[in-house]
Structure formats: C-alpha cells, structure tokens
file work-v6.pdb (PDB, C-alpha atoms)
ATOM      1  CA  MET A   1      -9.196  34.204 -18.143  1.00  0.00           C
ATOM      2  CA  ALA A   2      -6.221  36.399 -17.276  1.00  0.00           C
ATOM      3  CA  SER A   3      -2.852  35.912 -18.905  1.00  0.00           C
ATOM      4  CA  ILE A   4      -0.485  33.893 -16.726  1.00  0.00           C
ATOM      5  CA  PHE A   5       1.872  36.869 -17.021  1.00  0.00           C
ATOM      6  CA  GLU A   6      -0.686  39.243 -15.482  1.00  0.00           C
ATOM      7  CA  VAL A   7      -1.552  37.174 -12.437  1.00  0.00           C
ATOM      8  CA  THR A   8      -1.252  38.690  -8.982  1.00  0.00           C
ATOM      9  CA  ALA A   9       1.022  36.705  -6.689  1.00  0.00           C
ATOM     10  CA  GLY A  10      -0.901  34.088  -4.725  1.00  0.00           C
ATOM     11  CA  LYS A  11      -3.927  34.018  -7.034  1.00  0.00           C
ATOM     12  CA  LEU A  12      -4.923  30.976  -9.090  1.00  0.00           C
ATOM     13  CA  VAL A  13      -5.733  31.204 -12.784  1.00  0.00           C
ATOM     14  CA  GLY A  14      -8.377  28.949 -14.304  1.00  0.00           C
ATOM     15  CA  PRO A  15     -12.050  28.536 -15.107  1.00  0.00           C
ATOM     16  CA  THR A  16     -14.476  30.278 -12.787  1.00  0.00           C
ATOM     17  CA  VAL A  17     -17.503  28.166 -13.754  1.00  0.00           C
ATOM     18  CA  GLY A  18     -17.748  24.413 -13.341  1.00  0.00           C
ATOM     19  CA  THR A  19     -20.174  21.527 -13.119  1.00  0.00           C
ATOM     20  CA  THR A  20     -20.871  18.533 -10.913  1.00  0.00           C
ATOM     21  CA  VAL A  21     -22.078  15.171 -12.186  1.00  0.00           C
ATOM     22  CA  THR A  22     -22.724  11.756 -10.658  1.00  0.00           C
ATOM     23  CA  GLN A  23     -22.005   8.557 -12.531  1.00  0.00           C
ATOM     24  CA  ALA A  24     -24.965   6.156 -12.779  1.00  0.00           C
ATOM     25  CA  THR A  25     -25.062   2.350 -13.114  1.00  0.00           C
ATOM     26  CA  ASN A  26     -21.343   1.422 -12.806  1.00  0.00           C
ATOM     27  CA  LYS A  27     -17.794   2.799 -12.946  1.00  0.00           C
ATOM     28  CA  GLY A  28     -17.658   2.439 -16.745  1.00  0.00           C
ATOM     29  CA  THR A  29     -20.744   4.569 -17.395  1.00  0.00           C
ATOM     30  CA  THR A  30     -20.319   7.701 -19.531  1.00  0.00           C
ATOM     31  CA  VAL A  31     -21.008  11.050 -17.849  1.00  0.00           C
ATOM     32  CA  VAL A  32     -21.876  14.431 -19.382  1.00  0.00           C
ATOM     33  CA  ALA A  33     -19.938  17.368 -17.912  1.00  0.00           C
ATOM     34  CA  ASN A  34     -20.217  20.378 -20.228  1.00  0.00           C
ATOM     35  CA  ALA A  35     -17.907  22.864 -18.508  1.00  0.00           C
ATOM     36  CA  ALA A  36     -14.203  23.675 -18.502  1.00  0.00           C
ATOM     37  CA  SER A  37     -13.893  22.294 -14.971  1.00  0.00           C
ATOM     38  CA  GLY A  38     -15.862  20.288 -12.470  1.00  0.00           C
ATOM     39  CA  GLN A  39     -16.324  17.327 -10.201  1.00  0.00           C
ATOM     40  CA  ILE A  40     -17.328  13.798 -11.120  1.00  0.00           C
ATOM     41  CA  THR A  41     -18.681  11.529  -8.389  1.00  0.00           C
ATOM     42  CA  MET A  42     -18.075   7.979  -9.550  1.00  0.00           C
ATOM     43  CA  ASN A  43     -20.447   5.073  -9.002  1.00  0.00           C
ATOM     44  CA  ASN A  44     -19.647   2.933  -5.931  1.00  0.00           C
ATOM     45  CA  ALA A  45     -19.433  -0.359  -7.846  1.00  0.00           C
ATOM     46  CA  ALA A  46     -16.587  -2.657  -6.795  1.00  0.00           C
ATOM     47  CA  LEU A  47     -13.168  -2.275  -8.408  1.00  0.00           C
ATOM     48  CA  ALA A  48     -10.835  -5.203  -7.756  1.00  0.00           C
ATOM     49  CA  ASP A  49      -7.241  -4.702  -6.645  1.00  0.00           C
ATOM     50  CA  GLY A  50      -5.065  -4.141  -9.708  1.00  0.00           C
ATOM     51  CA  ALA A  51      -8.088  -3.542 -11.941  1.00  0.00           C
ATOM     52  CA  GLU A  52      -8.641  -0.485 -14.116  1.00  0.00           C
ATOM     53  CA  VAL A  53     -11.821   0.985 -15.524  1.00  0.00           C
ATOM     54  CA  THR A  54     -12.146   3.564 -18.298  1.00  0.00           C
ATOM     55  CA  PHE A  55     -15.137   5.819 -18.873  1.00  0.00           C
ATOM     56  CA  THR A  56     -15.954   8.660 -21.260  1.00  0.00           C
ATOM     57  CA  VAL A  57     -16.704  12.222 -20.220  1.00  0.00           C
ATOM     58  CA  THR A  58     -18.808  13.927 -22.883  1.00  0.00           C
ATOM     59  CA  ASN A  59     -17.879  17.611 -22.781  1.00  0.00           C
ATOM     60  CA  ASP A  60     -18.823  20.139 -25.474  1.00  0.00           C
ATOM     61  CA  THR A  61     -16.110  22.588 -24.353  1.00  0.00           C
ATOM     62  CA  VAL A  62     -13.209  20.206 -25.088  1.00  0.00           C
ATOM     63  CA  SER A  63     -11.241  20.220 -28.350  1.00  0.00           C
ATOM     64  CA  ALA A  64      -8.853  17.528 -29.543  1.00  0.00           C
ATOM     65  CA  THR A  65      -5.854  19.818 -28.855  1.00  0.00           C
ATOM     66  CA  ASP A  66      -6.835  20.602 -25.251  1.00  0.00           C
ATOM     67  CA  VAL A  67      -5.095  19.282 -22.145  1.00  0.00           C
ATOM     68  CA  VAL A  68      -7.351  17.789 -19.461  1.00  0.00           C
ATOM     69  CA  VAL A  69      -5.993  17.397 -15.937  1.00  0.00           C
ATOM     70  CA  ILE A  70      -7.767  15.187 -13.390  1.00  0.00           C
ATOM     71  CA  ASN A  71      -7.171  14.027  -9.817  1.00  0.00           C
ATOM     72  CA  HIS A  72      -8.778  12.039  -6.994  1.00  0.00           C
ATOM     73  CA  ALA A  73     -10.168  14.873  -4.885  1.00  0.00           C
ATOM     74  CA  SER A  74     -12.152  13.310  -2.060  1.00  0.00           C
ATOM     75  CA  ALA A  75     -14.175  10.370  -0.752  1.00  0.00           C
ATOM     76  CA  GLY A  76     -12.729   6.904  -0.691  1.00  0.00           C
ATOM     77  CA  THR A  77      -9.271   5.846   0.440  1.00  0.00           C
ATOM     78  CA  ALA A  78      -6.520   8.393  -0.184  1.00  0.00           C
ATOM     79  CA  GLY A  79      -3.696   6.936  -2.272  1.00  0.00           C
ATOM     80  CA  ALA A  80      -5.735   3.881  -3.289  1.00  0.00           C
ATOM     81  CA  TYR A  81      -6.408   5.041  -6.848  1.00  0.00           C
ATOM     82  CA  VAL A  82      -4.383   6.102  -9.863  1.00  0.00           C
ATOM     83  CA  VAL A  83      -6.400   8.472 -12.051  1.00  0.00           C
ATOM     84  CA  SER A  84      -5.464   9.735 -15.503  1.00  0.00           C
ATOM     85  CA  VAL A  85      -6.887  11.134 -18.717  1.00  0.00           C
ATOM     86  CA  THR A  86      -6.058   8.565 -21.396  1.00  0.00           C
ATOM     87  CA  ALA A  87      -7.556  10.213 -24.513  1.00  0.00           C
ATOM     88  CA  VAL A  88      -8.852  13.625 -25.602  1.00  0.00           C
ATOM     89  CA  ALA A  89     -11.058  14.220 -28.657  1.00  0.00           C
ATOM     90  CA  ALA A  90     -13.363  16.956 -29.885  1.00  0.00           C
ATOM     91  CA  GLY A  91     -16.310  16.840 -27.478  1.00  0.00           C
ATOM     92  CA  SER A  92     -15.016  14.248 -25.025  1.00  0.00           C
ATOM     93  CA  PHE A  93     -12.181  12.775 -23.008  1.00  0.00           C
ATOM     94  CA  LYS A  94     -11.548   9.369 -21.437  1.00  0.00           C
ATOM     95  CA  VAL A  95     -10.641   8.813 -17.795  1.00  0.00           C
ATOM     96  CA  THR A  96      -8.951   5.672 -16.477  1.00  0.00           C
ATOM     97  CA  VAL A  97      -9.086   4.821 -12.778  1.00  0.00           C
ATOM     98  CA  GLY A  98      -6.951   2.039 -11.323  1.00  0.00           C
ATOM     99  CA  ASN A  99      -7.161   0.426  -7.886  1.00  0.00           C
ATOM    100  CA  VAL A 100      -3.727   0.098  -6.241  1.00  0.00           C
ATOM    101  CA  SER A 101      -4.975  -0.462  -2.669  1.00  0.00           C
ATOM    102  CA  GLY A 102      -4.238  -4.158  -2.255  1.00  0.00           C
ATOM    103  CA  GLY A 103      -7.923  -5.094  -1.986  1.00  0.00           C
ATOM    104  CA  SER A 104     -11.270  -4.664  -3.707  1.00  0.00           C
ATOM    105  CA  LEU A 105     -12.891  -1.265  -3.112  1.00  0.00           C
ATOM    106  CA  SER A 106     -16.522  -0.142  -3.523  1.00  0.00           C
ATOM    107  CA  GLN A 107     -16.206   3.609  -3.132  1.00  0.00           C
ATOM    108  CA  ALA A 108     -17.909   6.549  -4.852  1.00  0.00           C
ATOM    109  CA  ILE A 109     -14.755   8.626  -5.246  1.00  0.00           C
ATOM    110  CA  VAL A 110     -14.873  12.258  -6.344  1.00  0.00           C
ATOM    111  CA  LEU A 111     -12.650  13.437  -9.189  1.00  0.00           C
ATOM    112  CA  ASN A 112     -11.749  17.054  -9.998  1.00  0.00           C
ATOM    113  CA  PHE A 113     -10.994  17.988 -13.606  1.00  0.00           C
ATOM    114  CA  VAL A 114      -9.991  21.064 -15.583  1.00  0.00           C
ATOM    115  CA  ALA A 115      -9.641  21.460 -19.354  1.00  0.00           C
ATOM    116  CA  LEU A 116      -6.903  23.800 -20.515  1.00  0.00           C
ATOM    117  CA  LYS A 117      -7.153  25.212 -24.044  1.00  0.00           C
ATOM    118  CA  GLY A 118      -4.452  23.979 -26.366  1.00  0.00           C
ATOM    119  CA  ALA A 119      -3.444  24.568 -29.969  1.00  0.00           C
ATOM    120  CA  SER A 120      -1.634  22.544 -32.588  1.00  0.00           C
ATOM    121  CA  SER A 121       0.183  25.417 -34.243  1.00  0.00           C
TER
END

call {"tool": "encode", "arguments": {"input": "work-v6.pdb", "output": "structure tokens"}}
result
Amino acid sequence: MASIFEVTAGKLVGPTVGTTVTQATNKGTTVVANAASGQITMNNAALADGAEVTFTVTNDTVSATDVVVINHASAGTAGAYVVSVTAVAAGSFKVTVGNVSGGSLSQAIVLNFVALKGASS
C-alpha cells in the first residue's frame, strides 16, 4: 500500500483485495472474512426496533492494535441501522448493529469493512 504522503490527488489508498461472506442462521452468527477488507451480507432475521445484535468476524489479518472501520453499504432501509465495531482482538473483531427505524426489520443488509494496520508504540 502506498504511503498517504505519496498518493496522487483523487486516488484512494487502501487494500486492493477483499472478500465477501454471507451470514448463516441468524444475525448473531459468526462469519469468517480473512481479508483486510470486504463485504458481509447479514442474515435477514428480524431485529426489533431499538434492539442491537453483536456478532464476531473471524479474520486472520487483524491484530489487536488495528483499527476496523465498518458501514451499512447497501440493501435494507437507509438510515435504519447504526453499525459499529465494538471490539478488536488478534484474529477477530466484533460488530454491533442496532435498529433505529421505529419498527421491526427483517433485512439482509450489506456491510463494508476495512482493517487499517495499527501499532501500540
């Protein structure tokens, strides 16, 4: 990956290889996504208004000092979900998805993620 100081104007810097995974069973089911970036299609199980669900992403490229960024990319109702990474450990991270729509939703939303290498010293 290029240094952020060597980037040509208008070009993005980040991983050039990613993965796609689909969550089985329910919204709390662990997924395996072994790449620095990718898309996770969540299960379409119901999530009540005001409810949150947390699931683990097993990822052998992630270290405990890394920063993982995630967002609701597509599918489902725009603005109806709050998505965040709530823990990062060596080999995995946890994602929490909350429903703020005002009603129960049963949507297989798609999340985009990227892991940025970090250091503790």

call {"tool": "resolve_selection", "arguments": {"input": "work-v6.pdb", "expression": "the PyMOL selection byres ((chain A and resi 100-107) around 6)", "output": "PyMOL selection string"}}
result
chain A and resi 44-50+76+80-81+99+108-109

call {"tool": "write_last_selection", "arguments": {"input": "work-v6.pdb", "atoms": "C-alpha atoms", "output": "PDB file, in the frame of the given file"}}
result
ATOM      1  CA  ASN A  44     -19.647   2.933  -5.931  1.00  0.00           C
ATOM      2  CA  ALA A  45     -19.433  -0.359  -7.846  1.00  0.00           C
ATOM      3  CA  ALA A  46     -16.587  -2.657  -6.795  1.00  0.00           C
ATOM      4  CA  LEU A  47     -13.168  -2.275  -8.408  1.00  0.00           C
ATOM      5  CA  ALA A  48     -10.835  -5.203  -7.756  1.00  0.00           C
ATOM      6  CA  ASP A  49      -7.241  -4.702  -6.645  1.00  0.00           C
ATOM      7  CA  GLY A  50      -5.065  -4.141  -9.708  1.00  0.00           C
ATOM      8  CA  GLY A  76     -12.729   6.904  -0.691  1.00  0.00           C
ATOM      9  CA  ALA A  80      -5.735   3.881  -3.289  1.00  0.00           C
ATOM     10  CA  TYR A  81      -6.408   5.041  -6.848  1.00  0.00           C
ATOM     11  CA  ASN A  99      -7.161   0.426  -7.886  1.00  0.00           C
ATOM     12  CA  ALA A 108     -17.909   6.549  -4.852  1.00  0.00           C
ATOM     13  CA  ILE A 109     -14.755   8.626  -5.246  1.00  0.00           C
TER      14      ILE A 109
END

call {"tool": "closest_residue", "arguments": {"input": "work-v6.pdb", "among": "A:Val97, A:Leu116, A:Ala75, A:Met42", "to": "A:Thr29", "atoms": "only C-alpha atoms"}}
result
A:Met42

call {"tool": "closest_residue", "arguments": {"input": "work-v6.pdb", "among": "A:Val85, A:Leu111, A:Ala24, A:Ala33", "to": "A:Val67", "atoms": "all atoms listed in the file"}}
result
A:Val85

call {"tool": "atom_distance", "arguments": {"input": "work-v6.pdb", "atom1": "atom CA of A:Lys27", "atom2": "atom CA of A:Ser92"}}
result
16.9 Å

call {"tool": "residues_around", "arguments": {"input": "work-v6.pdb", "residues": "A:Thr20", "least_positions_apart": "5", "cutoff": "7 Å", "atoms": "all atoms listed in the file", "output": "number ranges by chain"}}
result
A: 38-40

call {"tool": "residues_around", "arguments": {"input": "work-v6.pdb", "residues": "A:His72", "least_positions_apart": "5", "cutoff": "7 Å", "atoms": "all atoms listed in the file", "output": "PDB file with C-alpha atoms, in the frame of the given file"}}
result
ATOM      1  CA  VAL A  83      -6.400   8.472 -12.051  1.00  0.00           C
ATOM      2  CA  VAL A 110     -14.873  12.258  -6.344  1.00  0.00           C
ATOM      3  CA  LEU A 111     -12.650  13.437  -9.189  1.00  0.00           C
ATOM      4  CA  ASN A 112     -11.749  17.054  -9.998  1.00  0.00           C
TER       5      ASN A 112
END

call {"tool": "residues_around", "arguments": {"input": "work-v6.pdb", "residues": "A:Gly98", "least_positions_apart": "2", "cutoff": "6 Å", "atoms": "only C-alpha atoms", "output": "VMD selection string"}}
result
chain A and resid 51 to 52 81 to 82

call {"tool": "residues_around", "arguments": {"input": "work-v6.pdb", "residues": "A:Thr58", "least_positions_apart": "6", "cutoff": "9 Å", "atoms": "all atoms listed in the file", "output": "PyMOL selection string"}}
result
chain A and resi 30-34+91-94

call {"tool": "residues_around", "arguments": {"input": "work-v6.pdb", "residues": "A:Val17", "least_positions_apart": "3", "cutoff": "8 Å", "atoms": "only C-alpha atoms", "output": "list of chain:residue names"}}
result
A:Ala35, A:Ala36, A:Ser37

call {"tool": "atom_distance", "arguments": {"input": "work-v6.pdb", "atom1": "atom CA of A:Ala115", "atom2": "atom CA of A:Asp60"}}
result
11.1 Å

call {"tool": "atom_distance", "arguments": {"input": "work-v6.pdb", "atom1": "atom CA of A:Val68", "atom2": "atom CA of A:Thr22"}}
result
18.7 Å

call {"tool": "closest_residue", "arguments": {"input": "work-v6.pdb", "among": "A:Gly79, A:Thr86, A:Thr96, A:Asn59", "to": "A:Gly28", "atoms": "only C-alpha atoms"}}
result
A:Thr96

call {"tool": "closest_residue", "arguments": {"input": "work-v6.pdb", "among": "A:Ala78, A:Val114, A:Ala119, A:Val88", "to": "A:Thr19", "atoms": "only C-alpha atoms"}}
result
A:Val114

call {"tool": "decode", "arguments": {"input": "work-v6.pdb", "residues": "stretch 40-65 of chain A", "atoms": "N, CA and C atoms", "output": "compact mmCIF listing (two decimals), in the first residue's frame"}}
result
# COMPACT_ATOMS: atom_id res chain seq x y z
N ILE A 40 -19.94 -8.01 4.12
CA ILE A 40 -20.65 -9.02 4.90
C ILE A 40 -22.15 -8.83 4.63
N THR A 41 -22.79 -9.85 4.09
CA THR A 41 -24.24 -9.82 3.93
C THR A 41 -24.83 -10.50 5.15
N MET A 42 -25.58 -9.73 5.93
CA MET A 42 -26.15 -10.26 7.16
C MET A 42 -27.36 -11.14 6.87
N ASN A 43 -27.69 -12.00 7.81
CA ASN A 43 -28.89 -12.82 7.74
C ASN A 43 -30.11 -11.90 7.81
N ASN A 44 -31.23 -12.32 7.24
CA ASN A 44 -32.44 -11.49 7.22
C ASN A 44 -33.38 -11.74 8.40
N ALA A 45 -32.87 -12.28 9.48
CA ALA A 45 -33.70 -12.48 10.68
C ALA A 45 -34.20 -11.14 11.20
N ALA A 46 -35.32 -11.15 11.87
CA ALA A 46 -35.92 -9.91 12.40
C ALA A 46 -35.04 -9.29 13.48
N LEU A 47 -35.00 -7.95 13.45
CA LEU A 47 -34.34 -7.17 14.50
C LEU A 47 -35.35 -6.11 14.93
N ALA A 48 -35.79 -6.22 16.19
CA ALA A 48 -36.83 -5.32 16.70
C ALA A 48 -36.33 -3.88 16.78
N ASP A 49 -37.26 -2.94 16.74
CA ASP A 49 -36.90 -1.53 16.90
C ASP A 49 -36.20 -1.34 18.24
N GLY A 50 -35.10 -0.64 18.24
CA GLY A 50 -34.35 -0.37 19.46
C GLY A 50 -33.43 -1.51 19.89
N ALA A 51 -33.50 -2.64 19.21
CA ALA A 51 -32.67 -3.79 19.57
C ALA A 51 -31.30 -3.70 18.90
N GLU A 52 -30.33 -4.33 19.53
CA GLU A 52 -28.98 -4.44 18.98
C GLU A 52 -28.59 -5.90 18.95
N VAL A 53 -27.74 -6.25 17.99
CA VAL A 53 -27.18 -7.59 17.91
C VAL A 53 -25.68 -7.44 17.67
N THR A 54 -24.90 -8.31 18.30
CA THR A 54 -23.46 -8.30 18.12
C THR A 54 -23.02 -9.66 17.58
N PHE A 55 -22.14 -9.63 16.58
CA PHE A 55 -21.58 -10.87 16.05
C PHE A 55 -20.08 -10.72 15.86
N THR A 56 -19.40 -11.85 15.81
CA THR A 56 -17.94 -11.87 15.65
C THR A 56 -17.57 -12.10 14.20
N VAL A 57 -16.55 -11.37 13.75
CA VAL A 57 -15.95 -11.60 12.45
C VAL A 57 -14.57 -12.20 12.70
N THR A 58 -14.40 -13.46 12.37
CA THR A 58 -13.09 -14.10 12.49
C THR A 58 -12.28 -13.66 11.28
N ASN A 59 -11.08 -13.11 11.53
CA ASN A 59 -10.28 -12.54 10.46
C ASN A 59 -8.80 -12.67 10.81
N ASP A 60 -8.09 -13.54 10.09
CA ASP A 60 -6.69 -13.82 10.42
C ASP A 60 -5.73 -12.70 10.03
N THR A 61 -6.21 -11.63 9.42
CA THR A 61 -5.35 -10.50 9.09
C THR A 61 -5.39 -9.40 10.15
N VAL A 62 -6.28 -9.51 11.12
CA VAL A 62 -6.48 -8.45 12.12
C VAL A 62 -5.64 -8.71 13.36
N SER A 63 -4.98 -7.64 13.82
CA SER A 63 -4.23 -7.65 15.08
C SER A 63 -4.97 -6.81 16.10
N ALA A 64 -4.66 -7.01 17.36
CA ALA A 64 -5.34 -6.29 18.44
C ALA A 64 -5.15 -4.78 18.36
N THR A 65 -4.09 -4.30 17.71
CA THR A 65 -3.82 -2.87 17.61
C THR A 65 -4.40 -2.23 16.34
